[in-house]
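So this one's coords03.tsv, TSV, C-alpha atoms:
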```
chain	number	residue	atom	x	y	z
A	1	MET	CA	6.70	-11.00	34.70
A	2	ASP	CA	7.81	-9.12	37.79
A	3	THR	CA	7.06	-5.68	39.24
A	4	ILE	CA	9.06	-2.94	40.96
A	5	SER	CA	7.16	-0.51	43.22
A	6	ILE	CA	8.29	3.11	43.51
A	7	LYS	CA	7.17	6.13	45.51
A	8	THR	CA	8.11	9.41	43.89
A	9	SER	CA	8.45	12.63	45.88
A	10	ALA	CA	8.25	15.47	43.33
A	11	ARG	CA	6.23	16.39	40.23
A	12	CYS	CA	9.23	15.65	38.00
A	13	GLN	CA	11.95	13.30	39.18
A	14	PHE	CA	14.42	10.76	37.80
A	15	VAL	CA	14.61	7.64	40.02
A	16	ASP	CA	17.59	5.31	39.50
A	17	ILE	CA	16.11	1.78	39.47
A	18	SER	CA	19.28	-0.03	38.31
A	19	ASP	CA	19.80	-1.79	41.67
A	20	ASP	CA	16.14	-2.87	41.79
A	21	VAL	CA	16.49	-4.34	38.30
A	22	VAL	CA	19.63	-6.29	39.32
A	23	ARG	CA	17.84	-7.63	42.42
A	24	ARG	CA	14.86	-8.83	40.36
A	25	LEU	CA	17.18	-10.51	37.81
A	26	THR	CA	18.85	-12.42	40.66
A	27	ALA	CA	15.61	-13.27	42.48
A	28	ASN	CA	14.06	-14.66	39.28
A	29	GLY	CA	17.19	-16.47	38.10
A	30	TRP	CA	17.05	-14.65	34.76
A	31	GLN	CA	20.40	-15.40	33.10
A	32	ASP	CA	20.78	-14.67	29.41
A	33	GLY	CA	18.43	-12.71	27.17
A	34	ILE	CA	16.75	-9.32	27.06
A	35	LEU	CA	14.73	-7.57	29.72
A	36	LEU	CA	11.86	-5.22	28.91
A	37	VAL	CA	11.63	-2.45	31.55
A	38	TYR	CA	8.16	-0.96	31.09
A	39	THR	CA	6.04	1.72	32.79
A	40	PRO	CA	2.26	1.15	32.72
A	41	HIS	CA	1.63	4.85	33.53
A	42	THR	CA	0.97	7.48	30.84
A	43	THR	CA	2.65	10.37	32.67
A	44	SER	CA	5.99	8.67	33.26
A	45	ALA	CA	8.74	7.07	31.19
A	46	ILE	CA	11.83	4.84	31.32
A	47	THR	CA	15.23	6.03	30.14
A	48	ILE	CA	18.88	5.03	30.29
A	49	ASN	CA	21.36	7.78	31.07
A	50	GLU	CA	24.40	8.85	33.08
A	51	ASN	CA	24.55	7.50	36.62
A	52	ALA	CA	27.71	9.27	37.84
A	53	ASP	CA	26.88	12.97	38.19
A	54	PRO	CA	23.33	13.68	39.48
A	55	ASP	CA	23.58	17.12	37.83
A	56	VAL	CA	22.84	15.36	34.52
A	57	GLN	CA	19.37	14.36	35.79
A	58	THR	CA	18.84	17.85	37.21
A	59	ASP	CA	19.76	19.45	33.88
A	60	MET	CA	17.60	17.02	31.92
A	61	ASN	CA	14.61	17.55	34.19
A	62	SER	CA	14.80	21.34	34.15
A	63	PHE	CA	15.42	21.45	30.40
A	64	LEU	CA	12.46	19.16	29.63
A	65	SER	CA	10.21	21.30	31.83
A	66	LYS	CA	11.24	24.41	29.89
A	67	LEU	CA	10.91	22.66	26.52
A	68	ILE	CA	7.49	21.18	27.35
A	69	PRO	CA	5.91	23.55	29.89
A	70	VAL	CA	2.58	23.35	31.70
A	71	MET	CA	0.42	25.39	29.31
A	72	LYS	CA	-2.94	27.00	29.84
A	73	ASP	CA	-4.15	26.40	26.31
A	74	PHE	CA	-3.97	22.62	26.54
A	75	ARG	CA	-7.46	21.10	26.19
A	76	HIS	CA	-7.02	18.05	28.45
A	77	SER	CA	-8.87	19.07	31.63
A	78	GLU	CA	-6.54	17.32	34.06
A	79	GLY	CA	-3.90	19.95	33.24
A	80	ASN	CA	-1.07	17.45	32.77
A	81	SER	CA	-0.77	17.28	29.01
A	82	ASP	CA	2.89	18.28	29.39
A	83	SER	CA	3.42	15.06	31.39
A	84	HIS	CA	1.80	12.95	28.66
A	85	ILE	CA	3.95	14.59	25.97
A	86	LYS	CA	7.17	14.01	27.93
A	87	SER	CA	6.07	10.41	28.41
A	88	SER	CA	5.77	9.80	24.65
A	89	LEU	CA	9.02	11.60	23.81
A	90	VAL	CA	11.15	9.78	26.39
A	91	GLY	CA	9.23	6.54	25.87
A	92	ALA	CA	7.35	3.91	27.88
A	93	SER	CA	10.13	1.33	27.99
A	94	GLU	CA	13.77	0.37	27.53
A	95	MET	CA	15.29	-2.97	26.52
A	96	ILE	CA	18.29	-4.23	28.49
A	97	ILE	CA	20.75	-6.94	27.48
A	98	VAL	CA	21.20	-9.59	30.21
A	99	GLU	CA	24.21	-11.95	30.33
A	100	LYS	CA	25.21	-14.24	33.22
A	101	GLY	CA	22.36	-12.79	35.26
A	102	ARG	CA	23.65	-9.19	35.02
A	103	PRO	CA	22.49	-6.22	32.91
A	104	VAL	CA	25.03	-5.37	30.20
A	105	LEU	CA	25.11	-1.57	30.56
A	106	GLY	CA	27.77	0.92	29.58
A	107	THR	CA	30.17	2.12	32.29
A	108	TRP	CA	28.18	5.31	32.97
A	109	GLN	CA	24.68	4.00	32.29
A	110	GLY	CA	21.90	3.69	34.84
A	111	ILE	CA	18.23	2.76	34.32
A	112	TYR	CA	15.82	5.53	35.33
A	113	PHE	CA	12.12	5.75	36.06
A	114	CYS	CA	11.07	9.26	34.95
A	115	GLU	CA	8.23	10.77	36.99
A	116	PHE	CA	6.46	13.58	35.13
A	117	ASP	CA	3.31	14.00	37.25
A	118	GLY	CA	4.16	13.08	40.83
A	119	PRO	CA	4.42	12.61	43.63
A	120	ARG	CA	2.71	9.22	43.17
A	121	SER	CA	2.99	5.51	43.87
A	122	ARG	CA	4.18	3.88	40.65
A	123	LYS	CA	4.95	0.46	39.24
A	124	VAL	CA	7.50	-0.75	36.70
A	125	PHE	CA	6.86	-4.03	34.86
A	126	LEU	CA	9.78	-6.34	34.00
A	127	LYS	CA	9.45	-9.03	31.34
A	128	PHE	CA	12.40	-11.31	30.58
A	129	ILE	CA	12.91	-13.15	27.29
A	130	PRO	CA	15.68	-15.75	27.23
A	131	SER	CA	17.98	-15.72	24.22
A	132	ALA	CA	18.12	-19.47	23.80
B	1	MET	CA	5.27	-11.73	11.60
B	2	ASP	CA	1.92	-10.10	11.00
B	3	THR	CA	0.78	-6.76	9.57
B	4	ILE	CA	-1.91	-4.19	10.40
B	5	SER	CA	-3.08	-1.90	7.58
B	6	ILE	CA	-4.17	1.67	8.34
B	7	LYS	CA	-5.55	4.55	6.32
B	8	THR	CA	-4.86	7.93	7.88
B	9	SER	CA	-6.97	10.99	7.11
B	10	ALA	CA	-4.87	14.00	8.17
B	11	ARG	CA	-1.25	15.20	7.96
B	12	CYS	CA	-0.77	14.55	11.67
B	13	GLN	CA	-2.98	12.06	13.48
B	14	PHE	CA	-2.84	9.58	16.36
B	15	VAL	CA	-4.62	6.31	15.47
B	16	ASP	CA	-5.49	3.95	18.34
B	17	ILE	CA	-4.46	0.47	17.14
B	18	SER	CA	-4.93	-1.32	20.50
B	19	ASP	CA	-7.95	-3.32	19.30
B	20	ASP	CA	-6.15	-4.33	16.10
B	21	VAL	CA	-3.21	-5.56	18.17
B	22	VAL	CA	-5.50	-7.63	20.42
B	23	ARG	CA	-7.18	-9.14	17.34
B	24	ARG	CA	-3.83	-10.15	15.82
B	25	LEU	CA	-2.68	-11.70	19.11
B	26	THR	CA	-5.83	-13.83	19.19
B	27	ALA	CA	-5.72	-14.73	15.48
B	28	ASN	CA	-2.09	-15.88	15.76
B	29	GLY	CA	-2.50	-17.65	19.09
B	30	TRP	CA	0.33	-15.59	20.60
B	31	GLN	CA	0.13	-16.29	24.34
B	32	ASP	CA	3.09	-15.30	26.51
B	33	GLY	CA	6.05	-13.14	25.55
B	34	ILE	CA	6.76	-9.72	24.09
B	35	LEU	CA	5.33	-8.12	20.98
B	36	LEU	CA	7.29	-5.66	18.86
B	37	VAL	CA	4.92	-3.08	17.30
B	38	TYR	CA	6.94	-1.49	14.48
B	39	THR	CA	6.33	1.10	11.77
B	40	PRO	CA	8.31	0.60	8.53
B	41	HIS	CA	7.65	4.25	7.52
B	42	THR	CA	10.11	7.07	8.24
B	43	THR	CA	7.49	9.79	8.73
B	44	SER	CA	5.44	8.00	11.36
B	45	ALA	CA	5.96	6.50	14.80
B	46	ILE	CA	4.49	4.20	17.45
B	47	THR	CA	3.71	5.40	20.96
B	48	ILE	CA	1.84	4.32	24.08
B	49	ASN	CA	-0.27	6.96	25.79
B	50	GLU	CA	-3.60	7.81	27.39
B	51	ASN	CA	-6.63	6.22	25.77
B	52	ALA	CA	-9.39	7.81	27.87
B	53	ASP	CA	-9.54	11.49	26.91
B	54	PRO	CA	-8.95	12.19	23.18
B	55	ASP	CA	-7.89	15.73	24.16
B	56	VAL	CA	-4.54	14.23	25.20
B	57	GLN	CA	-3.84	13.20	21.60
B	58	THR	CA	-5.05	16.59	20.36
B	59	ASP	CA	-2.73	18.42	22.78
B	60	MET	CA	0.20	16.18	21.94
B	61	ASN	CA	-0.32	16.61	18.22
B	62	SER	CA	-0.64	20.38	18.33
B	63	PHE	CA	2.28	20.74	20.74
B	64	LEU	CA	4.58	18.58	18.59
B	65	SER	CA	3.64	20.60	15.51
B	66	LYS	CA	4.58	23.83	17.31
B	67	LEU	CA	7.80	22.33	18.72
B	68	ILE	CA	8.88	20.87	15.38
B	69	PRO	CA	7.32	23.08	12.71
B	70	VAL	CA	7.42	22.82	8.92
B	71	MET	CA	10.41	25.07	8.20
B	72	LYS	CA	11.49	26.71	4.97
B	73	ASP	CA	15.20	26.40	5.70
B	74	PHE	CA	15.18	22.60	5.82
B	75	ARG	CA	17.36	21.20	3.01
B	76	HIS	CA	15.41	17.99	2.31
B	77	SER	CA	13.50	18.81	-0.88
B	78	GLU	CA	10.35	16.83	-0.04
B	79	GLY	CA	9.55	19.45	2.61
B	80	ASN	CA	8.74	16.92	5.32
B	81	SER	CA	11.86	17.02	7.47
B	82	ASP	CA	9.63	17.92	10.43
B	83	SER	CA	7.88	14.55	9.95
B	84	HIS	CA	11.19	12.67	9.95
B	85	ILE	CA	12.33	14.47	13.13
B	86	LYS	CA	9.06	13.67	14.95
B	87	SER	CA	9.46	10.06	13.81
B	88	SER	CA	12.90	9.74	15.43
B	89	LEU	CA	11.87	11.53	18.64
B	90	VAL	CA	8.71	9.48	19.24
B	91	GLY	CA	10.36	6.33	17.90
B	92	ALA	CA	9.76	3.62	15.31
B	93	SER	CA	8.45	0.96	17.71
B	94	GLU	CA	7.11	-0.03	21.11
B	95	MET	CA	7.48	-3.32	22.97
B	96	ILE	CA	4.36	-4.78	24.62
B	97	ILE	CA	4.22	-7.46	27.30
B	98	VAL	CA	1.83	-10.31	26.38
B	99	GLU	CA	0.40	-12.72	28.97
B	100	LYS	CA	-2.42	-15.23	28.44
B	101	GLY	CA	-2.89	-13.87	24.93
B	102	ARG	CA	-3.57	-10.31	26.10
B	103	PRO	CA	-1.41	-7.17	26.08
B	104	VAL	CA	-0.39	-6.17	29.62
B	105	LEU	CA	-1.02	-2.42	29.44
B	106	GLY	CA	-1.68	0.09	32.21
B	107	THR	CA	-5.30	1.04	32.90
B	108	TRP	CA	-5.13	4.21	30.79
B	109	GLN	CA	-2.71	3.02	28.10
B	110	GLY	CA	-3.49	2.60	24.43
B	111	ILE	CA	-1.15	1.78	21.53
B	112	TYR	CA	-1.02	4.52	18.90
B	113	PHE	CA	0.18	4.76	15.32
B	114	CYS	CA	1.41	8.35	14.90
B	115	GLU	CA	0.95	9.76	11.41
B	116	PHE	CA	3.23	12.74	10.76
B	117	ASP	CA	2.94	13.07	6.95
B	118	GLY	CA	-0.51	11.88	5.95
B	119	PRO	CA	-3.01	11.20	4.77
B	120	ARG	CA	-1.53	7.91	3.56
B	121	SER	CA	-2.01	4.14	3.52
B	122	ARG	CA	0.30	2.74	6.20
B	123	LYS	CA	1.38	-0.60	7.63
B	124	VAL	CA	2.39	-1.67	11.12
B	125	PHE	CA	4.54	-4.80	11.54
B	126	LEU	CA	4.01	-7.10	14.54
B	127	LYS	CA	6.66	-9.60	15.64
B	128	PHE	CA	6.02	-11.87	18.61
B	129	ILE	CA	8.74	-13.48	20.71
B	130	PRO	CA	7.60	-16.13	23.19
B	131	SER	CA	9.05	-15.92	26.70
B	132	ALA	CA	9.60	-19.66	27.08
C	1	MET	CA	25.99	-10.77	21.89
C	2	ASP	CA	28.06	-9.04	19.25
C	3	THR	CA	29.63	-5.59	18.93
C	4	ILE	CA	30.08	-3.04	16.15
C	5	SER	CA	32.92	-0.51	16.50
C	6	ILE	CA	32.55	3.01	15.11
C	7	LYS	CA	34.78	6.06	14.87
C	8	THR	CA	32.83	9.30	14.62
C	9	SER	CA	34.33	12.45	13.12
C	10	ALA	CA	32.16	15.33	14.35
C	11	ARG	CA	30.46	16.46	17.57
C	12	CYS	CA	27.03	15.55	16.14
C	13	GLN	CA	26.76	12.98	13.37
C	14	PHE	CA	24.37	10.29	12.11
C	15	VAL	CA	26.27	7.13	11.06
C	16	ASP	CA	24.39	4.59	8.91
C	17	ILE	CA	25.16	1.17	10.47
C	18	SER	CA	22.64	-0.84	8.43
C	19	ASP	CA	25.31	-2.69	6.45
C	20	ASP	CA	27.27	-3.50	9.63
C	21	VAL	CA	24.08	-4.92	11.16
C	22	VAL	CA	23.45	-7.11	8.09
C	23	ARG	CA	27.04	-8.37	8.19
C	24	ARG	CA	26.76	-9.31	11.89
C	25	LEU	CA	23.45	-11.12	11.26
C	26	THR	CA	25.13	-13.19	8.54
C	27	ALA	CA	28.35	-13.84	10.48
C	28	ASN	CA	26.37	-15.05	13.52
C	29	GLY	CA	23.83	-17.06	11.54
C	30	TRP	CA	20.95	-15.17	13.19
C	31	GLN	CA	17.88	-16.14	11.16
C	32	ASP	CA	14.46	-15.37	12.64
C	33	GLY	CA	13.66	-13.20	15.64
C	34	ILE	CA	14.32	-9.71	16.93
C	35	LEU	CA	17.60	-7.86	17.20
C	36	LEU	CA	18.28	-5.28	19.91
C	37	VAL	CA	20.62	-2.56	18.59
C	38	TYR	CA	21.93	-0.82	21.71
C	39	THR	CA	24.39	1.98	22.49
C	40	PRO	CA	26.24	1.68	25.82
C	41	HIS	CA	27.17	5.40	25.70
C	42	THR	CA	25.12	8.12	27.43
C	43	THR	CA	25.81	10.85	24.87
C	44	SER	CA	24.69	8.91	21.81
C	45	ALA	CA	21.55	7.15	20.57
C	46	ILE	CA	20.18	4.70	18.02
C	47	THR	CA	17.43	5.66	15.57
C	48	ILE	CA	15.77	4.40	12.41
C	49	ASN	CA	15.13	6.94	9.69
C	50	GLU	CA	15.35	7.76	5.98
C	51	ASN	CA	18.38	6.34	4.18
C	52	ALA	CA	17.83	7.84	0.71
C	53	ASP	CA	18.46	11.59	1.00
C	54	PRO	CA	21.34	12.53	3.35
C	55	ASP	CA	19.70	15.97	3.73
C	56	VAL	CA	17.25	14.32	6.15
C	57	GLN	CA	20.09	13.57	8.59
C	58	THR	CA	21.52	17.05	8.09
C	59	ASP	CA	18.14	18.65	8.84
C	60	MET	CA	17.56	16.42	11.85
C	61	ASN	CA	21.00	17.13	13.26
C	62	SER	CA	20.79	20.89	12.84
C	63	PHE	CA	17.23	21.02	14.17
C	64	LEU	CA	18.10	18.96	17.28
C	65	SER	CA	21.07	21.21	17.96
C	66	LYS	CA	18.81	24.27	17.82
C	67	LEU	CA	16.10	22.62	19.93
C	68	ILE	CA	18.55	21.37	22.56
C	69	PRO	CA	21.49	23.82	22.50
C	70	VAL	CA	24.73	23.81	24.48
C	71	MET	CA	23.68	26.05	27.38
C	72	LYS	CA	25.82	27.90	29.91
C	73	ASP	CA	23.38	27.46	32.76
C	74	PHE	CA	23.54	23.66	32.76
C	75	ARG	CA	25.00	22.41	36.06
C	76	HIS	CA	26.81	19.31	34.76
C	77	SER	CA	30.46	20.40	34.70
C	78	GLU	CA	31.45	18.44	31.60
C	79	GLY	CA	29.36	20.87	29.53
C	80	ASN	CA	27.61	18.18	27.52
C	81	SER	CA	24.19	18.06	29.15
C	82	ASP	CA	22.67	18.79	25.74
C	83	SER	CA	24.22	15.50	24.51
C	84	HIS	CA	22.70	13.56	27.41
C	85	ILE	CA	19.25	15.09	26.79
C	86	LYS	CA	19.36	14.23	23.07
C	87	SER	CA	20.40	10.71	24.04
C	88	SER	CA	17.31	10.20	26.21
C	89	LEU	CA	14.92	11.77	23.69
C	90	VAL	CA	16.13	9.76	20.69
C	91	GLY	CA	16.69	6.67	22.84
C	92	ALA	CA	19.44	4.16	23.65
C	93	SER	CA	18.21	1.38	21.39
C	94	GLU	CA	16.01	0.16	18.54
C	95	MET	CA	14.46	-3.26	17.98
C	96	ILE	CA	14.70	-4.77	14.50
C	97	ILE	CA	12.65	-7.62	13.07
C	98	VAL	CA	14.84	-10.36	11.51
C	99	GLU	CA	13.49	-12.93	9.02
C	100	LYS	CA	15.54	-15.33	6.89
C	101	GLY	CA	18.69	-13.70	8.22
C	102	ARG	CA	17.77	-10.22	6.97
C	103	PRO	CA	16.47	-7.12	8.81
C	104	VAL	CA	12.84	-6.41	7.90
C	105	LEU	CA	13.04	-2.65	7.37
C	106	GLY	CA	10.80	-0.33	5.39
C	107	THR	CA	11.92	0.64	1.89
C	108	TRP	CA	13.42	3.94	3.04
C	109	GLN	CA	14.63	2.91	6.49
C	110	GLY	CA	18.23	2.76	7.64
C	111	ILE	CA	19.63	2.11	11.12
C	112	TYR	CA	21.64	5.03	12.52
C	113	PHE	CA	24.12	5.50	15.32
C	114	CYS	CA	23.61	9.09	16.54
C	115	GLU	CA	26.76	10.75	17.86
C	116	PHE	CA	25.97	13.73	20.10
C	117	ASP	CA	29.36	14.33	21.75
C	118	GLY	CA	32.05	13.29	19.30
C	119	PRO	CA	34.37	12.75	17.73
C	120	ARG	CA	34.91	9.52	19.67
C	121	SER	CA	35.45	5.78	19.34
C	122	ARG	CA	32.09	4.13	20.03
C	123	LYS	CA	30.57	0.69	20.31
C	124	VAL	CA	27.10	-0.66	19.46
C	125	PHE	CA	25.90	-3.85	21.17
C	126	LEU	CA	23.75	-6.35	19.24
C	127	LYS	CA	21.66	-8.95	21.06
C	128	PHE	CA	19.58	-11.44	19.05
C	129	ILE	CA	16.51	-13.23	20.38
C	130	PRO	CA	15.14	-16.05	18.21
C	131	SER	CA	11.36	-16.11	17.71
C	132	ALA	CA	11.05	-19.87	18.09
```
Write-out of the structure in structure tokens:
Amino acid sequence: MDTISIKTSARCQFVDISDDVVRRLTANGWQDGILLVYTPHTTSAITINENADPDVQTDMNSFLSKLIPVMKDFRHSEGNSDSHIKSSLVGASEMIIVEKGRPVLGTWQGIYFCEFDGPRSRKVFLKFIPSA
Amino acid sequence: MDTISIKTSARCQFVDISDDVVRRLTANGWQDGILLVYTPHTTSAITINENADPDVQTDMNSFLSKLIPVMKDFRHSEGNSDSHIKSSLVGASEMIIVEKGRPVLGTWQGIYFCEFDGPRSRKVFLKFIPSA
Amino acid sequence: MDTISIKTSARCQFVDISDDVVRRLTANGWQDGILLVYTPHTTSAITINENADPDVQTDMNSFLSKLIPVMKDFRHSEGNSDSHIKSSLVGASEMIIVEKGRPVLGTWQGIYFCEFDGPRSRKVFLKFIPSA
């Protein structure tokens, strides 16, 4: 298992961690299998989406915040139930195919850490399973 | 492969299955790898979220039921299309890192079976893949 | 790794790929483990849901398109931010249990490729990890 450390700078933010993932694959000599990219935090998520136009992340972030707003009638006293709900809908992890030590992503895909209750210091866990 | 059996008691309910998962890891001697936690039912889901304050589950449940309501203009005659939609948005499974026979979760994370069309008798499938 | 090729025929469409997955399991001799079913496209997703009544897919599709509409105030110039958002909420992949060369699905479960910006030619990547 390996860990990526991240510092986020806004309440809601998509951080492209694709390069960090590639560096950890190389450093660990992980060659062929699948990689679990996992957030241990309950107000964040991992997703795979377009890495070319940053407007996609902006649109996604602003849409999610309209769809799942901060609401006064939530019972959870920390006031971040919206962050927990986004976390469960986007999901705590993604699985990545690894071949020849590289992630097999689509042309326009990047791997994103989704911050929903920042700014905070965060960690992402990586667990590699070889395919043979 | 192993199975956890659950009885739910409401139409929509989050059931913490973390302790059941730990028990099955121990009983099977599963030590180091990843564990797939999978629901074979199409009106339920698996998620990972906060295990400290039960108000988080209450907020999530009530928000999801407002976001995806039971609607009269759904075509599916069983009248539970909302349950199927929640199932696909939250997702049929989660992957858990296992090290030294224990799930590697964040401090506040629990593993939840999400009932969206209960009360029912349900099963959760567990499949372990060793990392070496 | 193996690949399934798909041609979609509408902007939003759920394509049942369960039979394709079974055929690839057999052709590759994949017997016991987990199978990652992964879309390399950022305006599509993979989900597991009811395979009996096609009205479920119709309801899900029309509900998602109402929940996440094509909006004029999105910044992304390609005009398909709604497709990217659906992709992240439904998710880029699903994990399937495989035993004796067959997917271990629930009675009513099928594996679906979700097209959110078609019609297009698409690919689905399959990566198998043996359990022992």
Residues of chain A within 12 Å of chain B, counting all atoms listed in the file, as a PyMOL selection string: chain A and resi 1-2+30+33-45+66-95+122-132
Fit chain C to chain A: least squares, all C-alpha atoms, paired in order; write the output as a compact mmCIF listing (two decimals) with C-alpha atoms, in the frame of the given file.
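Output file selection34.txt is given in full below:
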```txt
# COMPACT_ATOMS: atom_id res chain seq x y z
CA MET C 1 6.70 -10.98 34.70
CA ASP C 2 7.83 -9.11 37.78
CA THR C 3 7.07 -5.68 39.24
CA ILE C 4 9.06 -2.95 40.97
CA SER C 5 7.16 -0.51 43.21
CA ILE C 6 8.29 3.11 43.52
CA LYS C 7 7.16 6.12 45.52
CA THR C 8 8.11 9.41 43.90
CA SER C 9 8.43 12.63 45.89
CA ALA C 10 8.24 15.46 43.34
CA ARG C 11 6.22 16.39 40.24
CA CYS C 12 9.24 15.65 38.00
CA GLN C 13 11.95 13.30 39.19
CA PHE C 14 14.43 10.75 37.80
CA VAL C 15 14.62 7.64 40.02
CA ASP C 16 17.60 5.30 39.51
CA ILE C 17 16.11 1.76 39.46
CA SER C 18 19.28 -0.04 38.33
CA ASP C 19 19.79 -1.80 41.67
CA ASP C 20 16.13 -2.88 41.80
CA VAL C 21 16.50 -4.34 38.29
CA VAL C 22 19.62 -6.29 39.32
CA ARG C 23 17.84 -7.63 42.40
CA ARG C 24 14.85 -8.82 40.33
CA LEU C 25 17.18 -10.51 37.81
CA THR C 26 18.84 -12.42 40.66
CA ALA C 27 15.61 -13.27 42.49
CA ASN C 28 14.06 -14.66 39.28
CA GLY C 29 17.18 -16.47 38.11
CA TRP C 30 17.05 -14.64 34.75
CA GLN C 31 20.41 -15.40 33.12
CA ASP C 32 20.78 -14.67 29.41
CA GLY C 33 18.43 -12.70 27.18
CA ILE C 34 16.73 -9.33 27.04
CA LEU C 35 14.73 -7.57 29.72
CA LEU C 36 11.86 -5.21 28.91
CA VAL C 37 11.63 -2.45 31.55
CA TYR C 38 8.16 -0.97 31.10
CA THR C 39 6.05 1.72 32.79
CA PRO C 40 2.28 1.14 32.74
CA HIS C 41 1.65 4.84 33.54
CA THR C 42 0.98 7.47 30.85
CA THR C 43 2.65 10.36 32.67
CA SER C 44 5.99 8.67 33.26
CA ALA C 45 8.75 7.07 31.19
CA ILE C 46 11.82 4.84 31.32
CA THR C 47 15.23 6.03 30.14
CA ILE C 48 18.88 5.04 30.30
CA ASN C 49 21.37 7.78 31.06
CA GLU C 50 24.40 8.86 33.08
CA ASN C 51 24.55 7.51 36.63
CA ALA C 52 27.71 9.27 37.86
CA ASP C 53 26.87 12.97 38.19
CA PRO C 54 23.34 13.68 39.50
CA ASP C 55 23.58 17.12 37.83
CA VAL C 56 22.83 15.35 34.53
CA GLN C 57 19.36 14.37 35.78
CA THR C 58 18.83 17.84 37.21
CA ASP C 59 19.75 19.46 33.88
CA MET C 60 17.60 17.03 31.91
CA ASN C 61 14.62 17.56 34.18
CA SER C 62 14.81 21.35 34.14
CA PHE C 63 15.43 21.45 30.39
CA LEU C 64 12.46 19.16 29.63
CA SER C 65 10.22 21.29 31.82
CA LYS C 66 11.25 24.40 29.88
CA LEU C 67 10.90 22.66 26.51
CA ILE C 68 7.49 21.17 27.34
CA PRO C 69 5.90 23.56 29.88
CA VAL C 70 2.58 23.34 31.70
CA MET C 71 0.43 25.38 29.30
CA LYS C 72 -2.95 27.00 29.86
CA ASP C 73 -4.17 26.41 26.33
CA PHE C 74 -3.97 22.62 26.54
CA ARG C 75 -7.46 21.10 26.18
CA HIS C 76 -7.01 18.07 28.46
CA SER C 77 -8.86 19.08 31.63
CA GLU C 78 -6.53 17.33 34.07
CA GLY C 79 -3.88 19.95 33.24
CA ASN C 80 -1.07 17.45 32.78
CA SER C 81 -0.77 17.28 29.00
CA ASP C 82 2.88 18.28 29.37
CA SER C 83 3.41 15.06 31.39
CA HIS C 84 1.80 12.95 28.66
CA ILE C 85 3.95 14.59 25.95
CA LYS C 86 7.17 14.00 27.92
CA SER C 87 6.07 10.40 28.40
CA SER C 88 5.77 9.80 24.65
CA LEU C 89 9.03 11.59 23.81
CA VAL C 90 11.16 9.78 26.39
CA GLY C 91 9.25 6.53 25.86
CA ALA C 92 7.36 3.91 27.88
CA SER C 93 10.13 1.33 27.99
CA GLU C 94 13.78 0.36 27.53
CA MET C 95 15.28 -2.97 26.53
CA ILE C 96 18.28 -4.23 28.50
CA ILE C 97 20.74 -6.93 27.48
CA VAL C 98 21.20 -9.60 30.21
CA GLU C 99 24.21 -11.95 30.33
CA LYS C 100 25.20 -14.23 33.21
CA GLY C 101 22.36 -12.77 35.25
CA ARG C 102 23.65 -9.19 35.01
CA PRO C 103 22.48 -6.20 32.91
CA VAL C 104 25.03 -5.36 30.21
CA LEU C 105 25.11 -1.57 30.57
CA GLY C 106 27.77 0.93 29.58
CA THR C 107 30.16 2.13 32.28
CA TRP C 108 28.18 5.30 32.94
CA GLN C 109 24.67 4.00 32.29
CA GLY C 110 21.90 3.70 34.84
CA ILE C 111 18.24 2.77 34.33
CA TYR C 112 15.82 5.54 35.32
CA PHE C 113 12.13 5.75 36.07
CA CYS C 114 11.07 9.25 34.95
CA GLU C 115 8.23 10.75 36.99
CA PHE C 116 6.48 13.58 35.14
CA ASP C 117 3.32 13.99 37.24
CA GLY C 118 4.17 13.07 40.81
CA PRO C 119 4.41 12.60 43.62
CA ARG C 120 2.70 9.22 43.18
CA SER C 121 2.99 5.51 43.88
CA ARG C 122 4.18 3.88 40.65
CA LYS C 123 4.95 0.46 39.25
CA VAL C 124 7.51 -0.75 36.70
CA PHE C 125 6.87 -4.03 34.86
CA LEU C 126 9.79 -6.34 34.00
CA LYS C 127 9.45 -9.02 31.33
CA PHE C 128 12.40 -11.31 30.58
CA ILE C 129 12.91 -13.13 27.29
CA PRO C 130 15.68 -15.76 27.23
CA SER C 131 18.00 -15.70 24.21
CA ALA C 132 18.10 -19.48 23.82
```
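The space between atom CA of A:Cys114 and atom CA of A:Phe14 spans 4.6 Å.
Taking only C-alpha atoms into account, the residues near (36.8, 4.9, 17.3), no farther than 9 Å, are Ser5, Ile6, Lys7, Thr8, Ser9, Pro119, Arg120, Ser121, Arg122 and Lys123 of chain C.
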Give me the residues within 8 Å of stretch 19-24 of chain C as a compact mmCIF listing (two decimals) with C-alpha atoms, in the coordinates of the input, counting all atoms listed in the file and dropping any in the same chain fewer than 4 places off.
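Okay, result-v3.txt is ready:
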```txt
# COMPACT_ATOMS: atom_id res chain seq x y z
CA ASP C 2 28.06 -9.04 19.25
CA ILE C 4 30.08 -3.04 16.15
CA ASN C 28 26.37 -15.05 13.52
CA ARG C 102 17.77 -10.22 6.97
CA PRO C 103 16.47 -7.12 8.81
```
d(atom CA of A:Thr26, atom CA of A:Tyr112) in Å: 19.0 Å
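Between atom CA of C:Ile111 and atom CA of C:Ser65 there is a distance of 20.3 Å.
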